[in-house]
Structure formats: C-alpha cells, structure tokens
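Text of target20.txt (compact mmCIF, C-alpha atoms) as supplied:
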```txt
# COMPACT_ATOMS: atom_id res chain seq x y z
CA MET L 1 -3.99 65.51 11.08
CA THR L 2 -3.77 64.46 7.44
CA SER L 3 -6.84 63.90 5.33
CA THR L 4 -6.43 60.14 5.05
CA GLN L 5 -6.26 59.79 8.84
CA ALA L 6 -9.81 61.12 8.99
CA LEU L 7 -11.25 58.55 6.57
CA LYS L 8 -12.46 54.99 7.11
CA ALA L 9 -13.67 52.47 4.56
CA VAL L 10 -17.16 52.41 6.02
CA GLY L 11 -17.50 56.15 5.38
CA ILE L 12 -16.63 56.15 1.68
CA LEU L 13 -18.12 52.94 0.29
CA PRO L 14 -21.57 52.51 -1.32
CA ASP L 15 -24.43 51.51 0.96
CA ASP L 16 -24.62 48.16 -0.83
CA ALA L 17 -20.88 47.63 -1.17
CA ASP L 18 -21.27 43.93 -0.43
CA ARG L 19 -23.16 43.54 -3.73
CA ALA L 20 -21.19 46.05 -5.81
CA VAL L 21 -18.33 45.29 -8.22
CA LEU L 22 -15.83 47.97 -7.20
CA VAL L 23 -12.52 48.36 -9.00
CA GLY L 24 -9.90 51.03 -8.51
CA ARG L 25 -6.22 51.72 -7.95
CA VAL L 26 -3.91 51.80 -4.97
CA TRP L 27 -0.26 52.56 -4.51
CA SER L 28 0.92 49.39 -2.80
CA GLN L 29 4.00 49.47 -0.60
CA ALA L 30 4.25 45.70 -0.92
CA ALA L 31 4.15 45.78 -4.73
CA GLU L 32 6.22 48.99 -4.85
CA GLY L 33 3.91 50.64 -7.33
CA PRO L 34 0.34 51.27 -8.50
CA CYS L 35 -2.04 48.32 -8.81
CA PRO L 36 -5.52 47.93 -10.27
CA VAL L 37 -7.61 46.37 -7.51
CA ILE L 38 -11.01 44.98 -6.68
CA LEU L 39 -12.64 45.45 -3.28
CA ARG L 40 -14.30 42.55 -1.47
CA ASN L 41 -15.69 42.90 2.04
CA GLY L 42 -13.32 45.77 2.68
CA ASP L 43 -10.25 43.85 1.50
CA VAL L 44 -8.17 45.02 -1.46
CA PHE L 45 -7.17 42.39 -4.04
CA ASP L 46 -4.58 42.89 -6.78
CA LEU L 47 -5.78 42.65 -10.40
CA SER L 48 -2.33 43.18 -11.94
CA GLY L 49 -2.27 39.56 -13.08
CA ILE L 50 -5.17 40.35 -15.42
CA SER L 51 -3.94 43.80 -16.40
CA ALA L 52 -1.39 46.11 -14.85
CA THR L 53 -3.45 49.21 -15.77
CA VAL L 54 -7.10 50.09 -15.24
CA SER L 55 -7.21 51.15 -18.88
CA GLY L 56 -6.18 47.67 -19.99
CA LEU L 57 -8.39 46.00 -17.40
CA LEU L 58 -11.51 47.64 -18.82
CA GLU L 59 -10.66 46.27 -22.29
CA THR L 60 -10.64 42.70 -20.94
CA PRO L 61 -13.22 40.35 -22.50
CA ASP L 62 -15.70 38.89 -19.99
CA LEU L 63 -14.57 41.52 -17.50
CA LEU L 64 -17.04 40.68 -14.72
CA ALA L 65 -16.12 37.00 -14.82
CA ARG L 66 -12.38 37.75 -14.84
CA VAL L 67 -12.45 40.08 -11.82
CA ALA L 68 -14.56 37.53 -9.94
CA ALA L 69 -11.58 35.14 -9.81
CA GLU L 70 -10.93 33.75 -6.34
CA ASP L 71 -7.14 33.41 -6.54
CA LEU L 72 -6.23 37.09 -6.51
CA PRO L 73 -3.42 38.30 -4.20
CA ARG L 74 -4.65 40.23 -1.15
CA LEU L 75 -2.88 43.55 -0.61
CA GLY L 76 -4.55 44.52 2.67
CA HIS L 77 -7.69 46.13 4.06
CA LEU L 78 -8.94 49.38 2.57
CA ASP L 79 -8.45 51.07 5.94
CA GLU L 80 -4.74 50.31 5.65
CA PHE L 81 -4.61 52.31 2.42
CA LEU L 82 -6.60 55.15 3.93
CA ASP L 83 -4.31 55.45 6.96
CA GLY L 84 -1.16 54.99 4.85
CA SER L 85 0.11 51.83 6.52
CA ALA L 86 -0.14 49.71 3.34
CA GLY L 87 0.07 52.47 0.75
CA ARG L 88 -2.59 54.91 -0.42
CA LEU L 89 -5.79 55.05 -2.42
CA LEU L 90 -5.38 56.55 -5.91
CA ALA L 91 -7.82 57.87 -8.46
CA PRO L 92 -9.38 54.76 -10.08
CA VAL L 93 -8.18 55.67 -13.60
CA ASP L 94 -4.76 55.84 -15.22
CA LEU L 95 -4.21 56.04 -18.99
CA GLN L 96 -7.75 57.11 -19.90
CA ALA L 97 -8.55 60.52 -21.35
CA ILE L 98 -10.28 62.70 -18.74
CA LYS L 99 -13.12 64.61 -20.38
CA ALA L 100 -15.98 66.71 -19.04
CA ALA L 101 -19.34 67.93 -20.30
CA GLY L 102 -20.23 71.48 -19.32
CA VAL L 103 -23.48 73.41 -18.94
CA THR L 104 -25.70 70.30 -18.83
CA PHE L 105 -28.21 71.46 -16.20
CA ALA L 106 -30.57 74.45 -16.28
CA ASP L 107 -29.33 75.91 -12.97
CA SER L 108 -25.67 75.72 -14.00
CA MET L 109 -26.53 77.26 -17.38
CA LEU L 110 -27.95 80.27 -15.58
CA GLU L 111 -24.89 80.57 -13.36
CA ARG L 112 -22.53 80.41 -16.34
CA VAL L 113 -24.46 83.29 -17.95
CA ILE L 114 -24.17 85.20 -14.66
CA GLU L 115 -20.39 84.64 -14.62
CA GLU L 116 -20.22 85.87 -18.19
CA GLN L 117 -22.27 89.00 -17.42
CA ALA L 118 -20.31 89.67 -14.20
CA ARG L 119 -16.95 89.32 -16.02
CA GLY L 120 -15.67 87.29 -13.08
CA ASP L 121 -16.68 89.83 -10.40
CA SER L 122 -18.50 87.92 -7.64
CA GLY L 123 -19.80 91.19 -6.19
CA ARG L 124 -22.04 91.70 -9.23
CA ALA L 125 -23.46 88.16 -9.26
CA GLN L 126 -26.43 88.70 -6.94
CA GLU L 127 -27.78 91.70 -8.86
CA ILE L 128 -27.39 89.93 -12.21
CA ARG L 129 -28.98 86.74 -10.84
CA ALA L 130 -32.01 88.66 -9.61
CA ARG L 131 -32.44 90.23 -13.04
CA LEU L 132 -31.87 87.16 -15.22
CA ALA L 133 -33.23 84.26 -13.17
CA PRO L 134 -36.95 85.05 -13.64
CA VAL L 135 -36.50 85.22 -17.41
CA ILE L 136 -33.80 82.74 -18.35
CA GLY L 137 -34.37 80.26 -15.54
CA GLU L 138 -38.05 79.75 -16.26
CA ASN L 139 -37.44 79.31 -19.98
CA LEU L 140 -34.74 76.68 -19.47
CA ARG L 141 -36.47 74.31 -17.06
CA GLY L 142 -37.43 70.99 -18.60
CA VAL L 143 -35.93 71.86 -22.00
CA GLN L 144 -34.15 68.99 -23.73
CA ALA L 145 -31.04 70.07 -25.60
CA GLY L 146 -31.42 70.12 -29.37
CA SER L 147 -35.23 69.81 -29.27
CA ASP L 148 -37.84 71.94 -31.06
CA LYS L 149 -38.60 73.53 -27.70
CA ALA L 150 -34.91 74.43 -27.31
CA ARG L 151 -34.92 76.14 -30.70
CA GLN L 152 -38.01 78.12 -29.70
CA VAL L 153 -36.35 79.21 -26.44
CA LYS L 154 -33.24 80.26 -28.36
CA SER L 155 -35.30 82.46 -30.71
CA LEU L 156 -37.13 84.03 -27.76
CA LEU L 157 -33.95 84.81 -25.80
CA GLN L 158 -32.23 86.15 -28.90
CA GLU L 159 -35.13 88.56 -29.39
CA MET L 160 -34.64 89.68 -25.77
CA ASN L 161 -30.86 90.06 -26.29
CA LEU L 162 -30.26 87.43 -23.59
CA TRP L 163 -28.67 84.69 -25.68
CA SER L 164 -25.26 83.46 -24.53
CA GLN L 165 -22.50 81.14 -25.68
CA TYR L 166 -23.27 79.07 -22.58
CA LEU L 167 -26.90 78.64 -23.58
CA GLU L 168 -25.73 77.62 -27.05
CA VAL L 169 -23.89 74.60 -25.64
CA GLY L 170 -26.49 74.10 -22.90
CA ILE L 171 -29.55 73.57 -25.07
CA GLY L 172 -28.18 73.70 -28.63
CA PRO L 173 -27.37 70.62 -30.73
CA ASP L 174 -23.67 70.48 -29.79
CA ALA L 175 -22.58 69.77 -26.22
CA GLU L 176 -19.56 71.32 -24.58
CA ILE L 177 -17.00 68.53 -24.22
CA PHE L 178 -13.61 69.61 -22.92
CA THR L 179 -10.46 68.07 -21.49
CA LYS L 180 -10.62 68.37 -17.72
CA ALA L 181 -7.17 66.99 -16.92
CA GLN L 182 -4.34 64.93 -18.34
CA PRO L 183 -4.14 61.14 -18.03
CA MET L 184 -2.47 60.12 -14.75
CA SER L 185 -2.99 63.57 -13.17
CA SER L 186 -6.21 63.03 -11.18
CA VAL L 187 -6.15 62.84 -7.40
CA GLY L 188 -8.12 60.29 -5.41
CA CYS L 189 -10.33 60.13 -2.36
CA GLY L 190 -8.53 61.53 0.69
CA ASP L 191 -6.15 63.72 -1.30
CA LYS L 192 -6.01 67.51 -1.43
CA VAL L 193 -7.73 69.33 -4.29
CA GLY L 194 -6.13 72.47 -5.64
CA LEU L 195 -7.28 76.03 -6.35
CA HIS L 196 -5.10 78.26 -8.51
CA PRO L 197 -3.81 81.04 -6.21
CA ILE L 198 -5.12 83.82 -8.49
CA SER L 199 -8.74 82.81 -7.88
CA GLU L 200 -11.03 84.53 -5.37
CA TRP L 201 -14.34 83.07 -6.62
CA ASN L 202 -14.43 79.30 -7.04
CA ASN L 203 -16.44 76.23 -6.20
CA PRO L 204 -16.58 72.44 -6.21
CA GLU L 205 -18.61 70.75 -8.93
CA PRO L 206 -20.04 67.42 -7.69
CA GLU L 207 -20.55 65.12 -10.64
CA VAL L 208 -21.16 61.57 -11.81
CA VAL L 209 -18.32 60.32 -14.01
CA LEU L 210 -19.00 57.67 -16.64
CA VAL L 211 -16.23 55.22 -17.47
CA THR L 212 -15.88 53.97 -21.05
CA ARG L 213 -13.62 51.58 -22.86
CA SER L 214 -11.98 52.39 -26.20
CA ASP L 215 -15.02 51.56 -28.34
CA GLY L 216 -17.22 53.93 -26.35
CA THR L 217 -19.08 51.25 -24.37
CA ILE L 218 -20.04 52.59 -20.94
CA LEU L 219 -18.81 50.09 -18.35
CA GLY L 220 -19.50 51.82 -15.05
CA ALA L 221 -19.50 55.02 -13.06
CA THR L 222 -17.75 56.84 -10.25
CA LEU L 223 -17.79 60.31 -8.66
CA GLY L 224 -15.78 63.40 -9.50
CA ASN L 225 -15.05 66.94 -8.38
CA ASP L 226 -14.60 69.22 -11.38
CA VAL L 227 -12.98 72.02 -9.34
CA ASN L 228 -13.90 75.31 -11.02
CA LEU L 229 -12.59 78.89 -10.90
CA ARG L 230 -15.65 81.07 -11.53
CA ASP L 231 -13.79 84.36 -11.70
CA VAL L 232 -11.25 83.07 -14.22
CA GLU L 233 -13.77 81.59 -16.66
CA GLY L 234 -16.06 84.58 -16.09
CA ARG L 235 -13.34 86.93 -17.37
CA SER L 236 -13.21 85.01 -20.64
CA ALA L 237 -14.44 81.64 -21.83
CA LEU L 238 -11.06 81.33 -23.56
CA LEU L 239 -9.54 80.92 -20.07
CA LEU L 240 -11.41 77.64 -19.58
CA GLY L 241 -8.14 75.70 -19.48
CA LYS L 242 -6.79 77.91 -16.69
CA ALA L 243 -10.11 77.69 -14.84
CA LYS L 244 -10.30 73.91 -15.02
CA ASP L 245 -6.91 72.23 -15.44
CA ASN L 246 -4.53 73.00 -12.58
CA ASN L 247 -2.44 70.94 -10.20
CA ALA L 248 -4.78 68.67 -8.17
CA SER L 249 -7.90 70.29 -9.66
CA CYS L 250 -9.49 66.99 -10.73
CA ALA L 251 -10.61 64.45 -8.13
CA ILE L 252 -12.10 61.07 -9.06
CA GLY L 253 -13.21 58.17 -6.85
CA PRO L 254 -13.33 56.41 -4.57
CA PHE L 255 -13.91 53.41 -6.90
CA ILE L 256 -15.41 52.61 -10.27
CA ARG L 257 -18.62 50.66 -9.86
CA LEU L 258 -18.92 48.33 -12.85
CA PHE L 259 -22.29 47.71 -14.46
CA ASP L 260 -23.82 44.31 -13.73
CA GLY L 261 -27.31 42.85 -13.57
CA GLU L 262 -28.27 45.11 -10.67
CA PHE L 263 -26.33 48.32 -11.30
CA THR L 264 -26.96 49.76 -14.77
CA LEU L 265 -26.95 53.05 -16.66
CA ASP L 266 -30.68 53.35 -15.94
CA VAL L 267 -29.85 53.29 -12.23
CA VAL L 268 -27.15 55.93 -12.70
CA GLU L 269 -29.58 58.24 -14.50
CA LYS L 270 -31.73 58.35 -11.35
CA VAL L 271 -29.05 59.03 -8.74
CA VAL L 272 -28.97 62.21 -6.68
CA VAL L 273 -25.46 63.51 -5.97
CA THR L 274 -25.11 65.41 -2.71
CA LEU L 275 -22.46 67.93 -1.69
CA LEU L 276 -21.22 68.85 1.77
CA VAL L 277 -18.62 71.58 2.31
CA GLN L 278 -17.32 72.11 5.85
CA GLY L 279 -14.87 74.91 6.56
CA GLU L 280 -12.36 75.34 9.34
CA ASP L 281 -14.18 78.65 9.96
CA GLY L 282 -17.38 76.79 10.92
CA PHE L 283 -19.01 77.45 7.55
CA GLU L 284 -21.16 74.63 6.19
CA MET L 285 -22.94 74.29 2.87
CA THR L 286 -25.02 71.46 1.44
CA GLY L 287 -26.63 70.87 -1.93
CA GLU L 288 -27.77 68.20 -4.31
CA SER L 289 -27.75 67.47 -8.03
CA PRO L 290 -30.37 64.99 -9.30
CA LEU L 291 -29.14 63.48 -12.53
CA GLU L 292 -32.71 63.24 -13.83
CA ALA L 293 -32.60 67.03 -14.31
CA ILE L 294 -29.84 66.80 -16.93
CA SER L 295 -30.60 68.42 -20.30
CA ARG L 296 -28.96 65.65 -22.35
CA LYS L 297 -29.04 61.89 -21.85
CA PRO L 298 -25.71 60.60 -20.52
CA ALA L 299 -25.35 58.18 -23.44
CA ASP L 300 -25.84 61.09 -25.86
CA LEU L 301 -23.01 62.98 -24.15
CA VAL L 302 -20.76 59.94 -24.48
CA GLY L 303 -21.70 59.80 -28.16
CA GLN L 304 -20.62 63.42 -28.59
CA MET L 305 -17.36 62.62 -26.82
CA ARG L 306 -16.47 59.39 -28.64
CA ASN L 307 -17.41 58.97 -32.32
CA ARG L 308 -15.88 58.63 -35.78
CA SER L 309 -14.24 62.04 -35.34
CA HIS L 310 -12.93 61.42 -31.79
CA GLN L 311 -11.33 58.19 -30.60
CA TYR L 312 -9.66 57.29 -27.31
CA PRO L 313 -7.65 54.06 -27.69
CA ASP L 314 -6.92 53.95 -23.94
CA GLY L 315 -10.55 54.59 -23.03
CA ALA L 316 -12.02 57.73 -21.50
CA VAL L 317 -13.98 58.97 -18.53
CA LEU L 318 -16.61 61.69 -18.81
CA PHE L 319 -17.77 64.10 -16.11
CA LEU L 320 -21.50 64.65 -16.75
CA GLY L 321 -21.79 68.15 -15.28
CA THR L 322 -23.64 69.46 -12.24
CA MET L 323 -26.78 71.45 -11.56
CA PHE L 324 -25.42 72.66 -8.25
CA ALA L 325 -23.96 76.16 -8.44
CA PRO L 326 -23.34 77.34 -4.86
CA VAL L 327 -24.58 80.83 -4.04
CA LYS L 328 -24.61 80.81 -0.22
CA ASP L 329 -22.84 83.92 1.05
CA ARG L 330 -19.56 83.28 2.81
CA ARG L 331 -17.25 86.30 2.89
CA GLY L 332 -20.01 88.88 2.98
CA LYS L 333 -23.55 89.70 1.91
CA GLY L 334 -24.00 89.34 -1.83
CA GLN L 335 -20.55 87.77 -2.29
CA GLY L 336 -21.84 84.22 -2.77
CA PHE L 337 -19.76 81.13 -2.12
CA THR L 338 -16.04 80.64 -2.54
CA HIS L 339 -13.68 78.09 -1.05
CA GLU L 340 -11.32 78.72 1.85
CA ILE L 341 -8.14 76.74 2.42
CA GLY L 342 -8.85 73.69 4.57
CA ASP L 343 -12.41 73.12 3.39
CA ARG L 344 -13.54 69.51 3.56
CA VAL L 345 -15.53 68.58 0.44
CA GLU L 346 -17.67 65.43 0.39
CA ILE L 347 -19.46 64.33 -2.78
CA SER L 348 -21.78 61.37 -2.25
CA THR L 349 -24.52 59.15 -3.57
CA PRO L 350 -25.56 55.86 -1.96
CA ARG L 351 -24.78 53.63 -4.97
CA LEU L 352 -21.30 55.07 -5.61
CA GLY L 353 -20.09 56.02 -2.12
CA SER L 354 -18.33 59.22 -1.08
CA LEU L 355 -15.47 61.17 -2.60
CA VAL L 356 -13.80 63.22 0.14
CA ASN L 357 -11.06 65.81 -0.36
CA TRP L 358 -9.52 68.80 1.40
CA VAL L 359 -8.96 72.15 -0.32
CA ASP L 360 -5.57 73.84 -0.66
CA ARG L 361 -3.82 76.09 -3.16
CA SER L 362 -2.69 74.26 -6.28
CA ASP L 363 0.89 75.41 -5.66
CA ALA L 364 0.72 73.97 -2.13
CA CYS L 365 -0.69 70.56 -3.16
CA PRO L 366 1.79 67.78 -3.94
CA GLU L 367 3.15 68.18 -7.45
CA TRP L 368 2.06 65.70 -10.10
CA ASP L 369 5.33 63.85 -10.62
CA PHE L 370 4.33 60.31 -11.67
CA GLY L 371 3.37 60.31 -15.33
CA THR L 372 2.96 57.74 -18.08
CA ARG L 373 6.69 57.13 -18.59
CA ASP L 374 7.12 56.61 -14.85
CA LEU L 375 4.26 54.11 -14.89
CA MET L 376 5.74 52.18 -17.81
CA ARG L 377 9.17 52.04 -16.16
CA ASN L 378 7.62 50.90 -12.89
CA LEU L 379 5.61 48.13 -14.53
CA VAL L 380 8.59 46.87 -16.53
CA LYS L 381 10.72 46.82 -13.37
CA ARG L 382 8.00 44.73 -11.67
CA GLY L 383 7.85 42.28 -14.58
CA LEU L 384 4.42 43.51 -15.71
CA GLY L 385 5.43 45.06 -19.03
CA GLY L 386 3.41 42.46 -20.91
CA LYS L 387 0.25 43.18 -18.87
CA ILE L 388 -0.22 46.85 -19.81
```
What does this structure look like when you write it as structure tokens?
Amino acid sequence: MTSTQALKAVGILPDDADRAVLVGRVWSQAAEGPCPVILRNGDVFDLSGISATVSGLLETPDLLARVAAEDLPRLGHLDEFLDGSAGRLLAPVDLQAIKAAGVTFADSMLERVIEEQARGDSGRAQEIRARLAPVIGENLRGVQAGSDKARQVKSLLQEMNLWSQYLEVGIGPDAEIFTKAQPMSSVGCGDKVGLHPISEWNNPEPEVVLVTRSDGTILGATLGNDVNLRDVEGRSALLLGKAKDNNASCAIGPFIRLFDGEFTLDVVEKVVVTLLVQGEDGFEMTGESPLEAISRKPADLVGQMRNRSHQYPDGAVLFLGTMFAPVKDRRGKGQGFTHEIGDRVEISTPRLGSLVNWVDRSDACPEWDFGTRDLMRNLVKRGLGGKI
C-alpha cells in the first residue's frame, strides 16, 4: 500500500476548512504539470490563470479577493489527488527560498547541547541529559532571546563552563537562520521523507512554517517536518548541511493557510503542534510543541531572515523551530529515539491540518528530478510563460 492510498482529505484538512483560505500545489494529469490551487469544500480549483507559480501568486495585489474568484477551473476533488487518480498533492511552495530557524525553544536548546557534548553518540545522551538538564534547563525556561535576563544567564553559564554555541544562537541577539532545502525540492503531504543512510540517531522536527512574499510580509502559514540527523550534527556543527539538506528531507504542507480577518499571526502564535510517530514495529510516540514557548517572536525571526542584508525576490518560507526533542527509548534502554524505515509521521494542529509522511532512506526515496528549468519549460509549453 502506498502512502497516498492511506490518506483522505478529511484526515489532513483543518478543522475549520470550510472557513479557511487554503492554497497549495498539485501535479495535475489534466493540465500535464504543476498548478497553484485553492481548495473549496474539498474541490481543487486551478489558480494558474492568476499566476502559474505559488511564488508569483503570493505577490498578487488584493490576493484574497483574486483567489475568491468564482470562475476558476475545477481540477477534481482532493481525494483524487491523494489516491493518484487525478495527479498528486505537492508541497505548497515552488520558487521560494526554504529557510529555517534553529534552537528557538528551551527544550531543543538543551538537546542541541547534549548532541554537542555526546559528539553524536546516542548512547551517551541519557547520562549527559541527567547532568545538564537540572542546571541548563532551569536557567533557560522563560528567557527571551537577546534580553537582559538572557545576558545574565549567559554570564552564569560561562562561569560554570556550560556555555555552548547552541545557547549563543538560542538566547543571544542573533538567531540561527539556515537554508533547509533548495527551491522546488520539498516533498508534500503523503510523500516519503528521507534519512541519509549514514545516520543512526535522527528525528522528525514538527514545526510551523511562515510564508512570506518578497518584501518580507507574512501572508500565511503551513506545517513542516525539518527532518534532522542528530548524530551527524552532533559530530560537528559544520555538518549542519549534511544533517539537514538531503533528498526528501524537507516536507511542507498540506496547504498554505492565508491570513484573513479570522486567521492571523496572533492565532498562529498560540497554536500547539502535535507529533505522532507510528512504526511498523508497533512503536508509537507522541509529543507537542506549543508555539507560545518560543524564545523569539515569529515576526522577529522573519526580520532576521529578510532585511536590508538579505533579500528573497521569489519570496521565502521560514521553519520556526520546535521544542519537541524526542527521547523515548526505542532500540534499547538509554538509546533514546531514532527513526526506523516505514515510520508514519503525522504533524498536526487544528487550524493548519495534518502533514503526513512515511520514512525511508534518502537514497531509496524518489530522486528530485523536476527543478526550476523543468518548471519553466513546462509552463512555456502550456502557454503560461507570461504568468510566472
């Protein structure tokens, strides 16, 4: 059974989908290519007449009014894209830069320090956690990054020889903003997510993803899985690229929920993201990440991503980080959590829906073979070259 055969629209959409403005992308068999779409009552409508890319769509003036047009072509029901009969659901971004903020929650700060101390050896994590958590964990809770309190905590931990590069970006003035994946490379809801075959200690990272246009305005939000290799980054922070950016290691979806009068950034800042991992071995793990526990305001993180020194003319999306660092033992006592092939990963919150993926090795996942040049050629062939 393939992953998409196990999904239905009702299981991945927000609880209030009938009131939400949900835009995304599908590969349409009828259109013979990718299409920006809007979802209405479970039906998928083509937005290519407004813009042939999601990047261009989000630059459209009066965006909410434009996507509310009644004369859009219907491509089919969402279930037909989940079962493959009409095409397939894609990640809801295309040309945008894919960025991520790291170490933005106290619990994940502690776990990054543990990885650093363990040098990527999961067998040492429990002992190091027991030693550091009472000291570092208590000092970090409730600390706003860049504040006077943060500077006091830094001085204290330096005196105790417990300061870390991860704490520097966690509560210092400068956030960690890195490139998670390349434009066009993200996988969508129902796809496989990939683990590099060298990794033996890894985890999902359930996150809210903010969607911005080129001027930095935040237009909406979606969900993401910032698949992470704990052993690789633990060996050296300079291996961050290898730990984060691999084939199928970035999942985004299912749809972008655009901000409107009811759904705003204030609402996003109060969401609780939940995680469910179910293994073919019967293993199950749950967790949650309340965004209110973040150490930096989401708008501040966007400001550190996009400013006079960093521009993104095709727009950008930003993973906001996670406080959930899984420690439930799986392969043995004290070994903590790591993925097994076949794991089902569900990342959810009622206002954004559910992002569901299945775990495989990155070299066993479908290769990324449809890039920007392929997209341009496809759109020109379909007569949409002027709509990019």
Point-to-point distance from CA of Gly220 (chain L) to CA of Thr322 (chain L), Å rounded to tenths:
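One can read the CA of Gly220 (chain L) to CA of Thr322 (chain L) distance as 18.3 Å.
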For Val193 (chain L), work out the shell of residues within 12 Å, counting all atoms listed in the file and skipping chain neighbours fewer than 6 positions away, then give it as a VMD selection string.
chain L and resid 3 185 to 187 203 to 205 224 to 228 244 to 252 339 to 346 355 to 368
With distances taken over only C-alpha atoms, which residue among L:Phe319, L:Phe259, L:Tyr312, L:Phe283 lies nearest Leu210 (chain L)?
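Closest to Leu210 (chain L), using only C-alpha atoms: L:Phe319.
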Which one of L:Lys8, L:Leu58, L:Gly33, L:Ser147 sits closest to Glu80 (chain L) if you count only C-alpha atoms?
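When distances to Glu80 (chain L) are compared using only C-alpha atoms, the smallest one comes from L:Lys8.
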Between CA of Ile38 (chain L) and CA of Val67 (chain L), what is the distance, to one decimal in Å?
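Atom-to-atom, CA of Ile38 (chain L) to CA of Val67 (chain L), that is 7.2 Å.
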One residue among L:Met376, L:Val267, L:Met285, L:Leu157 is nearest to Ile388 (chain L) when using all atoms listed in the file, and that residue is L:Met376
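Compared by their closest atoms to Glu284 (chain L), and using all atoms listed in the file, the residues L:Asp174, L:Asp329, L:Glu168, L:Asp266 rank with L:Asp329 nearest.
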Between CA of Glu288 (chain L) and CA of Leu140 (chain L) lies a distance of 18.7 Å
Return the single residue from L:Leu39, L:Ala130, L:Val268, L:Val54 that is closest to Ala17 (chain L), with distances computed using only C-alpha atoms.
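The answer is L:Leu39, which sits nearest to Ala17 (chain L).
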